[in-house]
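Peer 1: Just run-v5.csv, nothing more (CSV, C-alpha atoms and all ligand atoms):
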chain,number,residue,atom,x,y,z
P,484,MET,CA,72.0,-7.4,3.8
P,485,ASN,CA,74.7,-7.6,6.5
P,486,ARG,CA,75.8,-11.0,7.8
P,487,HIS,CA,74.4,-10.3,11.2
P,488,LEU,CA,71.4,-8.3,12.6
P,489,ILE,CA,72.8,-6.5,15.6
P,490,SER,CA,71.4,-3.0,15.2
P,491,ALA,CA,68.6,-1.5,13.2
P,492,ALA,CA,71.3,0.6,11.6
P,493,ASP,CA,72.6,-2.5,10.0
P,494,LEU,CA,69.7,-2.2,7.6
P,495,ASP,CA,69.5,0.2,4.7
P,496,ARG,CA,66.2,1.3,3.3
P,497,ASP,CA,66.2,-1.5,0.7
P,498,ASP,CA,67.0,-4.1,3.3
P,499,ALA,CA,64.3,-2.9,5.6
P,500,ILE,CA,61.6,-2.7,2.9
P,501,GLY,CA,62.7,-6.1,1.6
P,502,ILE,CA,62.1,-7.6,5.0
P,503,LEU,CA,58.7,-5.9,5.4
P,504,ASP,CA,57.6,-7.0,1.9
P,505,THR,CA,58.8,-10.6,2.5
P,506,ALA,CA,56.9,-10.6,5.7
P,507,GLU,CA,53.8,-9.5,3.9
P,508,GLU,CA,54.2,-12.4,1.4
P,509,LEU,CA,54.7,-14.9,4.3
P,510,ALA,CA,51.6,-13.5,6.0
P,511,ARG,CA,49.6,-14.5,2.9
P,512,ALA,CA,50.9,-18.0,3.3
P,513,GLU,CA,49.6,-18.1,6.8
P,514,GLY,CA,46.1,-18.3,5.4
P,515,ARG,CA,46.8,-21.6,3.7
P,516,PRO,CA,45.9,-24.9,5.2
P,517,ILE,CA,49.6,-26.1,5.6
P,518,ARG,CA,51.3,-23.2,7.4
P,519,LYS,CA,54.8,-24.8,7.5
P,520,LEU,CA,57.3,-24.0,4.7
P,521,PRO,CA,60.2,-26.2,4.0
P,522,THR,CA,62.7,-23.3,3.4
P,523,LEU,CA,65.1,-23.9,6.3
P,524,ARG,CA,65.0,-27.6,6.5
P,525,GLY,CA,68.2,-29.1,7.8
P,526,LEU,CA,69.3,-25.8,9.4
P,527,THR,CA,69.7,-25.2,13.2
P,528,VAL,CA,68.6,-22.1,14.9
P,529,VAL,CA,69.6,-21.6,18.6
P,530,ASN,CA,67.6,-19.4,20.9
P,531,LEU,CA,70.1,-18.2,23.5
P,532,PHE,CA,68.2,-16.3,26.2
P,533,TYR,CA,70.0,-14.8,29.2
P,534,GLU,CA,67.1,-12.6,30.1
P,535,ASP,CA,63.4,-13.4,30.8
P,536,SER,CA,61.2,-13.2,27.7
P,537,THR,CA,57.7,-14.4,26.8
P,538,ARG,CA,57.0,-12.8,23.4
P,539,THR,CA,60.3,-12.6,21.7
P,540,ARG,CA,61.6,-16.1,22.5
P,541,THR,CA,58.4,-17.9,21.6
P,542,SER,CA,58.1,-15.7,18.5
P,543,PHE,CA,61.5,-16.6,17.2
P,544,GLU,CA,60.8,-20.3,18.0
P,545,ALA,CA,57.5,-20.2,16.1
P,546,ALA,CA,59.1,-18.4,13.2
P,547,ALA,CA,62.0,-20.9,12.9
P,548,LYS,CA,59.7,-23.9,13.2
P,549,ARG,CA,57.3,-22.6,10.6
P,550,LEU,CA,60.3,-22.5,8.2
P,551,SER,CA,61.1,-26.1,9.2
P,552,ALA,CA,64.4,-25.3,10.9
P,553,ASP,CA,65.5,-27.3,13.9
P,554,VAL,CA,65.3,-25.1,17.0
P,555,ILE,CA,67.3,-25.4,20.2
P,556,ASN,CA,66.1,-23.4,23.1
P,557,PHE,CA,68.8,-22.5,25.5
P,558,SER,CA,68.0,-20.4,28.5
P,559,ALA,CA,70.5,-19.3,31.1
P,560,LYS,CA,68.5,-20.8,33.9
P,561,GLY,CA,69.0,-24.5,34.1
P,562,SER,CA,72.1,-24.4,31.9
P,563,SER,CA,75.9,-24.2,32.8
P,564,VAL,CA,75.5,-20.5,32.6
P,565,ALA,CA,74.0,-20.7,36.1
P,566,LYS,CA,77.3,-22.4,37.1
P,567,GLY,CA,79.2,-19.4,35.8
P,568,GLU,CA,80.1,-20.5,32.3
P,569,SER,CA,81.2,-17.5,30.2
P,570,LEU,CA,79.5,-16.3,27.0
P,571,LYS,CA,82.5,-17.3,25.1
P,572,ASP,CA,82.5,-21.0,26.3
P,573,THR,CA,78.8,-21.2,25.6
P,574,ALA,CA,79.4,-19.8,22.2
P,575,LEU,CA,82.1,-22.4,21.5
P,576,THR,CA,79.7,-25.2,22.6
P,577,LEU,CA,77.0,-23.9,20.2
P,578,GLU,CA,79.6,-23.7,17.4
P,579,ALA,CA,80.5,-27.3,18.0
P,580,MET,CA,76.8,-28.2,17.6
P,581,GLY,CA,76.7,-26.5,14.3
P,582,ALA,CA,74.3,-23.6,14.9
P,583,ASP,CA,73.5,-21.8,11.6
P,584,ALA,CA,71.9,-18.9,13.5
P,585,VAL,CA,72.1,-17.8,17.1
P,586,VAL,CA,69.3,-15.6,18.3
P,587,ILE,CA,70.6,-13.9,21.5
P,588,ARG,CA,69.0,-11.9,24.3
P,589,HIS,CA,71.5,-10.7,26.9
P,590,PRO,CA,71.4,-8.1,29.8
P,591,ALA,CA,74.7,-6.6,28.6
P,592,SER,CA,74.6,-4.1,25.8
P,593,GLY,CA,77.1,-5.3,23.2
P,594,ALA,CA,77.0,-9.0,24.0
P,595,PRO,CA,75.5,-10.0,20.5
P,596,ARG,CA,78.3,-8.1,18.7
P,597,ARG,CA,80.9,-9.9,20.8
P,598,LEU,CA,79.3,-13.2,19.9
P,599,THR,CA,79.9,-12.6,16.2
P,600,ASP,CA,83.6,-13.1,17.0
P,601,TRP,CA,83.1,-16.6,18.3
P,602,VAL,CA,80.5,-18.3,16.1
P,603,SER,CA,80.4,-18.8,12.4
P,604,GLY,CA,76.6,-18.8,12.1
P,605,ARG,CA,74.5,-15.6,11.7
P,606,VAL,CA,73.8,-13.7,14.9
P,607,ILE,CA,70.5,-12.0,15.5
P,608,ASN,CA,70.1,-9.6,18.4
P,609,ALA,CA,66.8,-10.2,20.3
P,610,GLY,CA,67.5,-7.4,22.8
P,611,ASP,CA,70.8,-6.5,24.5
P,612,GLY,CA,70.7,-4.5,27.7
P,613,THR,CA,69.5,-0.9,26.9
P,614,HIS,CA,71.1,-1.0,23.5
P,615,GLU,CA,68.9,-2.4,20.7
P,616,HIS,CA,66.1,-4.8,19.7
P,617,PRO,CA,66.0,-4.6,15.9
P,618,THR,CA,63.4,-7.2,15.2
P,619,GLN,CA,61.0,-5.4,17.5
P,620,ALA,CA,61.5,-2.2,15.4
P,621,LEU,CA,60.8,-4.3,12.2
P,622,LEU,CA,57.6,-5.7,13.6
P,623,ASP,CA,56.5,-2.3,14.7
P,624,ALA,CA,57.2,-0.8,11.3
P,625,PHE,CA,55.3,-3.7,9.7
P,626,THR,CA,52.3,-3.0,12.0
P,627,MET,CA,52.4,0.7,11.1
P,628,ARG,CA,52.5,-0.1,7.4
P,629,GLN,CA,49.6,-2.5,7.9
P,630,ARG,CA,47.4,-0.3,10.0
P,631,LEU,CA,47.7,3.2,8.8
P,632,ALA,CA,44.9,4.4,6.7
P,633,GLY,CA,45.4,3.9,3.0
P,634,GLY,CA,47.8,1.0,3.5
P,635,PRO,CA,51.4,0.9,2.6
P,636,ASP,CA,51.0,2.4,-0.9
P,637,ARG,CA,50.1,5.8,0.6
P,638,HIS,CA,53.6,6.1,1.9
P,639,GLY,CA,55.5,4.3,-0.8
P,640,ARG,CA,56.9,1.1,0.5
P,641,GLY,CA,58.4,2.9,3.5
P,642,LEU,CA,56.8,5.1,6.1
P,643,ASP,CA,57.6,8.5,4.6
P,644,GLY,CA,56.1,11.4,6.5
P,645,VAL,CA,54.5,9.2,9.1
P,646,ARG,CA,54.6,11.0,12.5
P,647,VAL,CA,55.5,8.7,15.3
P,648,THR,CA,55.6,9.8,19.0
P,649,ILE,CA,57.4,7.4,21.4
P,650,VAL,CA,56.6,8.1,25.0
P,651,GLY,CA,58.1,7.0,28.3
P,652,ASP,CA,61.2,5.4,29.6
P,653,VAL,CA,63.4,6.0,26.6
P,654,LEU,CA,66.6,5.9,28.7
P,655,HIS,CA,66.3,2.2,29.4
P,656,SER,CA,64.6,1.2,26.2
P,657,ARG,CA,66.3,-0.8,23.4
P,658,VAL,CA,63.0,-0.7,21.6
P,659,ALA,CA,63.1,3.1,21.4
P,660,ARG,CA,66.6,3.2,20.1
P,661,SER,CA,66.0,0.6,17.4
P,662,ASN,CA,62.7,2.2,16.4
P,663,VAL,CA,64.3,5.6,16.0
P,664,LEU,CA,67.0,4.3,13.8
P,665,LEU,CA,64.7,2.1,11.6
P,666,LEU,CA,61.9,4.6,11.4
P,667,ALA,CA,64.4,7.3,10.3
P,668,THR,CA,65.6,4.9,7.6
P,669,LEU,CA,62.0,4.4,6.4
P,670,GLY,CA,61.4,8.1,6.3
P,671,ALA,CA,59.1,8.6,9.3
P,672,GLN,CA,59.4,11.6,11.6
P,673,VAL,CA,60.0,10.5,15.2
P,674,THR,CA,59.5,12.5,18.4
P,675,LEU,CA,60.5,11.2,21.8
P,676,VAL,CA,58.6,12.4,24.9
P,677,ALA,CA,60.0,11.5,28.3
P,678,PRO,CA,60.6,12.9,31.7
P,679,PRO,CA,63.9,14.8,31.6
P,680,THR,CA,65.4,12.1,33.8
P,681,LEU,CA,64.4,9.3,31.4
P,682,MET,CA,65.6,11.0,28.2
P,683,PRO,CA,69.0,9.8,27.1
P,684,TYR,CA,71.9,12.2,27.4
P,685,ALA,CA,73.0,12.0,23.8
P,686,VAL,CA,69.5,12.2,22.3
P,687,ASP,CA,70.5,15.2,20.2
P,688,THR,CA,72.7,12.9,18.1
P,689,TRP,CA,69.7,10.6,17.3
P,690,PRO,CA,67.8,11.1,14.1
P,691,CYS,CA,64.6,12.4,15.8
P,692,ARG,CA,63.2,15.3,17.9
P,693,ALA,CA,62.7,15.4,21.6
P,694,GLY,CA,59.5,16.9,22.9
P,695,TYR,CA,58.3,17.6,26.4
P,696,ASP,CA,54.7,18.5,26.0
P,697,ILE,CA,52.9,15.2,25.5
P,698,ASP,CA,49.5,16.6,24.8
P,699,ALA,CA,50.8,18.9,22.0
P,700,GLU,CA,52.7,16.0,20.4
P,701,LEU,CA,49.7,13.6,20.5
P,702,ARG,CA,47.5,16.0,18.6
P,703,LYS,CA,49.8,15.7,15.6
P,704,SER,CA,50.7,12.0,15.7
P,705,ASP,CA,49.8,9.1,13.4
P,706,VAL,CA,51.3,6.6,15.8
P,707,VAL,CA,51.9,6.8,19.6
P,708,MET,CA,54.1,4.1,21.0
P,709,MET,CA,54.1,3.8,24.8
P,710,LEU,CA,57.1,2.3,26.5
P,711,ARG,CA,57.2,0.2,29.6
P,712,VAL,CA,58.6,1.8,32.8
P,713,GLN,CA,61.6,-0.5,33.3
P,714,GLN,CA,61.8,-0.7,37.0
P,715,GLU,CA,64.3,-3.6,36.8
P,716,ARG,CA,66.9,-1.4,35.1
P,717,MET,CA,66.4,1.6,37.5
P,718,SER,CA,69.0,2.0,40.2
P,719,ALA,CA,67.6,5.3,41.4
P,720,ALA,CA,64.3,7.2,41.6
P,721,TYR,CA,63.7,8.7,38.2
P,722,PHE,CA,60.3,10.1,39.0
P,723,PRO,CA,58.5,11.0,42.3
P,724,THR,CA,55.7,8.4,42.3
P,725,VAL,CA,53.8,6.1,39.9
P,726,ARG,CA,50.8,8.3,40.3
P,727,GLU,CA,52.7,11.4,39.2
P,728,TYR,CA,54.2,9.5,36.3
P,729,ARG,CA,50.8,8.3,35.2
P,730,ARG,CA,49.4,11.8,35.4
P,731,ARG,CA,52.2,13.4,33.4
P,732,TYR,CA,53.1,10.7,30.9
P,733,GLY,CA,50.5,7.9,31.0
P,734,LEU,CA,48.0,7.3,28.2
P,735,ASP,CA,44.5,7.2,29.4
P,736,SER,CA,41.3,7.6,27.4
P,737,SER,CA,41.0,11.3,27.8
P,738,ARG,CA,44.6,11.7,26.5
P,739,MET,CA,43.9,9.2,23.7
P,740,ALA,CA,41.1,11.4,22.6
P,741,LEU,CA,43.6,14.1,21.6
P,742,LEU,CA,45.0,11.8,18.8
P,743,PRO,CA,43.8,12.3,15.3
P,744,GLU,CA,41.0,9.9,14.4
P,745,HIS,CA,43.2,7.6,12.3
P,746,ALA,CA,46.0,7.3,14.8
P,747,ILE,CA,47.1,4.0,16.4
P,748,VAL,CA,48.4,3.1,19.8
P,749,MET,CA,51.3,0.7,20.2
P,750,HIS,CA,53.2,-0.9,23.0
P,751,PRO,CA,55.9,-3.6,22.7
P,752,GLY,CA,54.8,-5.4,25.8
P,753,PRO,CA,55.0,-6.4,28.6
P,754,MET,CA,52.7,-3.6,29.7
P,755,ASN,CA,52.3,-2.1,33.1
P,756,ARG,CA,48.6,-1.5,32.9
P,757,GLY,CA,47.6,1.5,34.9
P,758,VAL,CA,51.1,3.0,34.7
P,759,GLU,CA,52.2,4.0,31.2
P,760,ILE,CA,48.9,2.8,29.6
P,761,ALA,CA,45.4,2.5,31.0
P,762,ALA,CA,43.6,-0.8,30.6
P,763,GLU,CA,40.8,0.8,28.5
P,764,VAL,CA,43.4,2.2,26.1
P,765,ALA,CA,45.3,-1.1,25.8
P,766,ASP,CA,42.1,-2.9,25.0
P,767,SER,CA,40.6,-0.3,22.7
P,768,ASP,CA,40.2,-0.6,18.9
P,769,ARG,CA,43.1,1.8,18.3
P,770,SER,CA,45.5,-0.5,20.1
P,771,THR,CA,47.7,-2.7,17.9
P,772,ILE,CA,49.3,-4.6,20.8
P,773,VAL,CA,47.9,-8.0,19.9
P,774,ALA,CA,48.6,-7.4,16.2
P,775,GLN,CA,52.2,-6.5,17.1
P,776,VAL,CA,52.7,-10.0,18.7
P,777,ALA,CA,51.1,-11.8,15.7
P,778,ASN,CA,53.2,-9.7,13.3
P,779,GLY,CA,56.3,-10.6,15.2
P,780,VAL,CA,56.2,-14.1,14.0
P,781,THR,CA,55.9,-13.2,10.3
P,782,VAL,CA,58.5,-10.5,10.5
P,783,ARG,CA,61.0,-12.9,12.2
P,784,MET,CA,60.2,-15.5,9.6
P,785,ALA,CA,61.2,-13.0,7.0
P,786,VAL,CA,64.4,-12.1,8.8
P,787,LEU,CA,65.4,-15.8,9.2
P,788,TYR,CA,64.4,-16.5,5.6
P,789,LEU,CA,66.5,-13.7,4.1
P,790,MET,CA,69.5,-14.3,6.4
P,791,LEU,CA,69.5,-18.1,6.1
P,792,GLY,CA,67.6,-18.9,2.9
P,793,GLY,CA,70.8,-18.8,0.8
P,794,ALA,CA,72.5,-21.2,3.2
P,795,ALA,CA,69.6,-23.7,3.0
P,796,GLU,CA,69.7,-23.7,-0.8
P,797,GLY,CA,73.5,-24.3,-0.6
P,798,SER,CA,73.1,-27.3,1.7
P,799,ALA,CA,70.2,-28.9,-0.1
P,801,LIG,C1,60.8,-5.3,25.1
P,801,LIG,C2,62.1,-5.8,25.5
P,801,LIG,O1,62.3,-6.8,26.1
P,801,LIG,O2,63.0,-5.0,25.2
P,801,LIG,N1,59.8,-6.3,25.1
P,801,LIG,C3,59.7,-7.1,24.0
P,801,LIG,O3,60.7,-7.6,23.5
P,801,LIG,N2,58.5,-7.3,23.5
P,801,LIG,C4,60.3,-4.1,25.9
P,801,LIG,C5,60.2,-4.2,27.4
P,801,LIG,O4,60.8,-5.1,28.0
P,801,LIG,O5,59.7,-3.3,28.0
Can you turn what I pasted into structure tokens?
Peer 2:
Amino acid sequence: MNRHLISAADLDRDDAIGILDTAEELARAEGRPIRKLPTLRGLTVVNLFYEDSTRTRTSFEAAAKRLSADVINFSAKGSSVAKGESLKDTALTLEAMGADAVVIRHPASGAPRRLTDWVSGRVINAGDGTHEHPTQALLDAFTMRQRLAGGPDRHGRGLDGVRVTIVGDVLHSRVARSNVLLLATLGAQVTLVAPPTLMPYAVDTWPCRAGYDIDAELRKSDVVMMLRVQQERMSAAYFPTVREYRRRYGLDSSRMALLPEHAIVMHPGPMNRGVEIAAEVADSDRSTIVAQVANGVTVRMAVLYLMLGGAAEGSA
């Protein structure tokens, strides 16, 4: 496995399956009375968050703590970043504190890659601008493996032949990009559906198809993943009205009925209920949204364990 996890493309098929299998093992340990494992005792994980986050930050924190690492949470608000300190100076401070891993979320695409030049610990990308969010893709793949009929063995250890349709604001979505890359590595067939204005320009270079007829795509999907409309990243009007967006691209119960019976509905959160996804769909039995959050902790434990486990043994 690579030293850092910046892009889903850093993982080859064996790496990705290794993470998912390790997460499965760890999920079994969750059932035991003592949930904390001593694996990363003595190591320090820094959560460096320059963007708001609920799920991802707390998920990394829980994951590191369950492996007994020391966790330092550093958010841009209330730190010297608010006084204008550069990423480089912050990195040098973390380096002086001896961070073994830095989990970074940053509004600028490329910031995690830059950080690798300045710290000696491992860097894990927890979302950079509109670029990538590899651990989200891993937890999504884990959830697909868990929930699809027949369990993981039906598809080998990967997701070979699974048909995944990703719908919505692909242009601004780091989740979509990381999912496309990881799912292709795992053998799934991905189709993106978006309004033409929210489809990335270079999508024909991605390992997936682009589709424009949502209803036709849903009829042949095993998984539909709805993306949040990311208003905060939109500098112009990408669609006429919310109502129009909902009508053309939103998932309500009548559209959900087009899916094959076994198909699941995913969303990375946070959701705009009533925009890209109707409340009754989000709360339905087919929705894996809550499972995705729970799986996020185990998958991030697996990532930390595999990236730092060797270091912990060396320092013991
Ligand atoms: C995503 C993100 O931040 O990229 N959320 C998450 O990590 N669970 C998706 C989003 O913000 O829409």
Peer 1: Dump the neighbourhood of ligand LIG 801 (chain P) as a list in words: all residues within 6 Å, distances computed on all atoms listed in the file.
Peer 2: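 Listing the residues within 6 Å of ligand LIG 801 (chain P) gives Arg538, Thr539, Gly610, Arg657, Val658, Arg711, Pro751, Gly752 and Pro753 of chain P.
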Peer 1: Determine the nearest neighbour of P:Asp553 from the options P:Glu715, P:Asp498, P:Asp583, P:Glu578, counting only C-alpha atoms.
Peer 2: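 Of P:Glu715, P:Asp498, P:Asp583, P:Glu578, the one nearest P:Asp553, counting only C-alpha atoms, is P:Asp583.
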Peer 1: Just the number, please: distance in Å from atom CA of P:Ala746 to atom CA of P:Asp705, one decimal.
Peer 2: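 Going from atom CA of P:Ala746 over to atom CA of P:Asp705 covers 4.4 Å.
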Peer 1: What is the distance, in Å and to one decimal place, between atom CA of P:Met717 and atom CA of P:Ile607?
Peer 2: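 Computed distance, atom CA of P:Met717 to atom CA of P:Ile607, equals 26.2 Å.
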Peer 1: Could you name the residues that touch P:Met784 at 9 Å or less, counting only C-alpha atoms, but leaving out those on the same chain fewer than 5 positions away, as a list in words?
Peer 2: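 Near P:Met784, the qualifying residues are Thr505, Ala506, Leu509, Phe543, Ala545, Ala546, Ala547, Arg549, Leu550, Gly779 and Leu789 of chain P.
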Peer 1: Hey, can you check how far atom CA of P:Cys691 sits from atom CA of P:Asp643?
Peer 2: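 Value for the atom CA of P:Cys691-atom CA of P:Asp643 distance: 13.8 Å.
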Peer 1: Measuring atom to atom with all atoms listed in the file, identify which of P:Met682, P:Ile489, P:Ile747, P:Ala559 is nearest to P:Val647.
Peer 2: P:Ile747
Peer 1: Write out as an MDAnalysis selection string the residues lying within 12 Å of stretch 695-701 of chain P, counting only C-alpha atoms and excluding same-chain residues fewer than 4 positions away.
Peer 2: chainID P and resid 646:651 672:682 705:709 730:735 737:744 746:748
Peer 1: Would you kindly return, as a list of chain:residue names, each protein, DNA or RNA residue with an atom no farther than 8 Å from any atom of stretch 624-626 of chain P, considering only C-alpha atoms and excluding same-chain residues fewer than 5 positions away?
Peer 2: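 In the requested form, the answer reads P:Leu503, P:Leu642, P:Leu666, P:Thr771, P:Ala774, P:Gln775, P:Asn778, P:Val782.
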Peer 1: What lies within 8 Å of P:His616 using only C-alpha atoms, ignoring chain neighbours under 3 positions off, as a PyMOL selection string?
Peer 2: chain P and resi 490-491+608-611+619-620+657-658+661
Peer 1: Near P:His655, counting all atoms listed in the file, which residues have an atom at most 7 Å away, once you skip same-chain residues fewer than 5 positions from it, shown as a ChimeraX atom specification?
Peer 2: /P:613,713,716
Peer 1: Once you have the residues from the selection above, write them out as an mmCIF file, in the frame of the given file, restricted to C-alpha atoms.
Peer 2:
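This went into out19.cif:
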data_model
loop_
_atom_site.group_PDB
_atom_site.id
_atom_site.type_symbol
_atom_site.label_atom_id
_atom_site.label_comp_id
_atom_site.auth_asym_id
_atom_site.auth_seq_id
_atom_site.Cartn_x
_atom_site.Cartn_y
_atom_site.Cartn_z
ATOM 1 C CA THR P 613 69.500 -0.900 26.900
ATOM 2 C CA GLN P 713 61.600 -0.500 33.300
ATOM 3 C CA ARG P 716 66.900 -1.400 35.100
#
Peer 1: Could I see stretch 485-502 of chain P restored to N, CA, C and O atoms, set down as a compact mmCIF listing (two decimals), keeping the file's coordinate frame?
Peer 2:
# COMPACT_ATOMS: atom_id res chain seq x y z
N ASN P 485 73.51 -7.20 5.70
CA ASN P 485 74.70 -7.60 6.50
C ASN P 485 74.57 -9.06 6.93
O ASN P 485 73.50 -9.64 6.95
N ARG P 486 75.72 -9.63 7.32
CA ARG P 486 75.80 -11.00 7.80
C ARG P 486 74.96 -11.23 9.05
O ARG P 486 74.35 -12.24 9.27
N HIS P 487 75.04 -10.23 9.93
CA HIS P 487 74.40 -10.30 11.20
C HIS P 487 73.34 -9.21 11.36
O HIS P 487 73.43 -8.20 10.65
N LEU P 488 72.40 -9.38 12.29
CA LEU P 488 71.40 -8.30 12.60
C LEU P 488 71.61 -7.91 14.04
O LEU P 488 71.05 -8.54 14.93
N ILE P 489 72.45 -6.92 14.27
CA ILE P 489 72.80 -6.50 15.60
C ILE P 489 72.04 -5.19 15.96
O ILE P 489 71.52 -5.00 17.04
N SER P 490 72.03 -4.30 14.98
CA SER P 490 71.40 -3.00 15.20
C SER P 490 70.48 -2.69 14.01
O SER P 490 70.69 -3.17 12.90
N ALA P 491 69.46 -1.87 14.29
CA ALA P 491 68.60 -1.50 13.20
C ALA P 491 69.36 -0.68 12.16
O ALA P 491 68.97 -0.63 10.99
N ALA P 492 70.49 -0.11 12.57
CA ALA P 492 71.30 0.60 11.60
C ALA P 492 72.07 -0.29 10.65
O ALA P 492 72.67 0.18 9.69
N ASP P 493 72.03 -1.59 10.91
CA ASP P 493 72.60 -2.50 10.00
C ASP P 493 71.79 -2.63 8.68
O ASP P 493 72.22 -3.23 7.70
N LEU P 494 70.56 -2.09 8.73
CA LEU P 494 69.70 -2.20 7.60
C LEU P 494 69.58 -0.91 6.83
O LEU P 494 69.31 0.14 7.43
N ASP P 495 69.80 -0.96 5.52
CA ASP P 495 69.50 0.20 4.70
C ASP P 495 68.06 0.19 4.31
O ASP P 495 67.35 -0.78 4.63
N ARG P 496 67.60 1.22 3.62
CA ARG P 496 66.20 1.30 3.30
C ARG P 496 65.72 0.09 2.45
O ARG P 496 64.67 -0.48 2.71
N ASP P 497 66.54 -0.32 1.50
CA ASP P 497 66.20 -1.50 0.70
C ASP P 497 66.08 -2.75 1.49
O ASP P 497 65.17 -3.56 1.30
N ASP P 498 67.05 -2.93 2.40
CA ASP P 498 67.00 -4.10 3.30
C ASP P 498 65.72 -4.14 4.08
O ASP P 498 65.02 -5.14 4.18
N ALA P 499 65.42 -2.99 4.69
CA ALA P 499 64.30 -2.90 5.60
C ALA P 499 62.98 -3.15 4.82
O ALA P 499 62.13 -3.95 5.25
N ILE P 500 62.84 -2.51 3.68
CA ILE P 500 61.60 -2.70 2.90
C ILE P 500 61.54 -4.12 2.38
O ILE P 500 60.47 -4.73 2.35
N GLY P 501 62.70 -4.68 2.03
CA GLY P 501 62.70 -6.10 1.60
C GLY P 501 62.22 -7.02 2.68
O GLY P 501 61.46 -7.97 2.40
N ILE P 502 62.59 -6.77 3.91
CA ILE P 502 62.10 -7.60 5.00
C ILE P 502 60.60 -7.44 5.19
O ILE P 502 59.85 -8.42 5.32
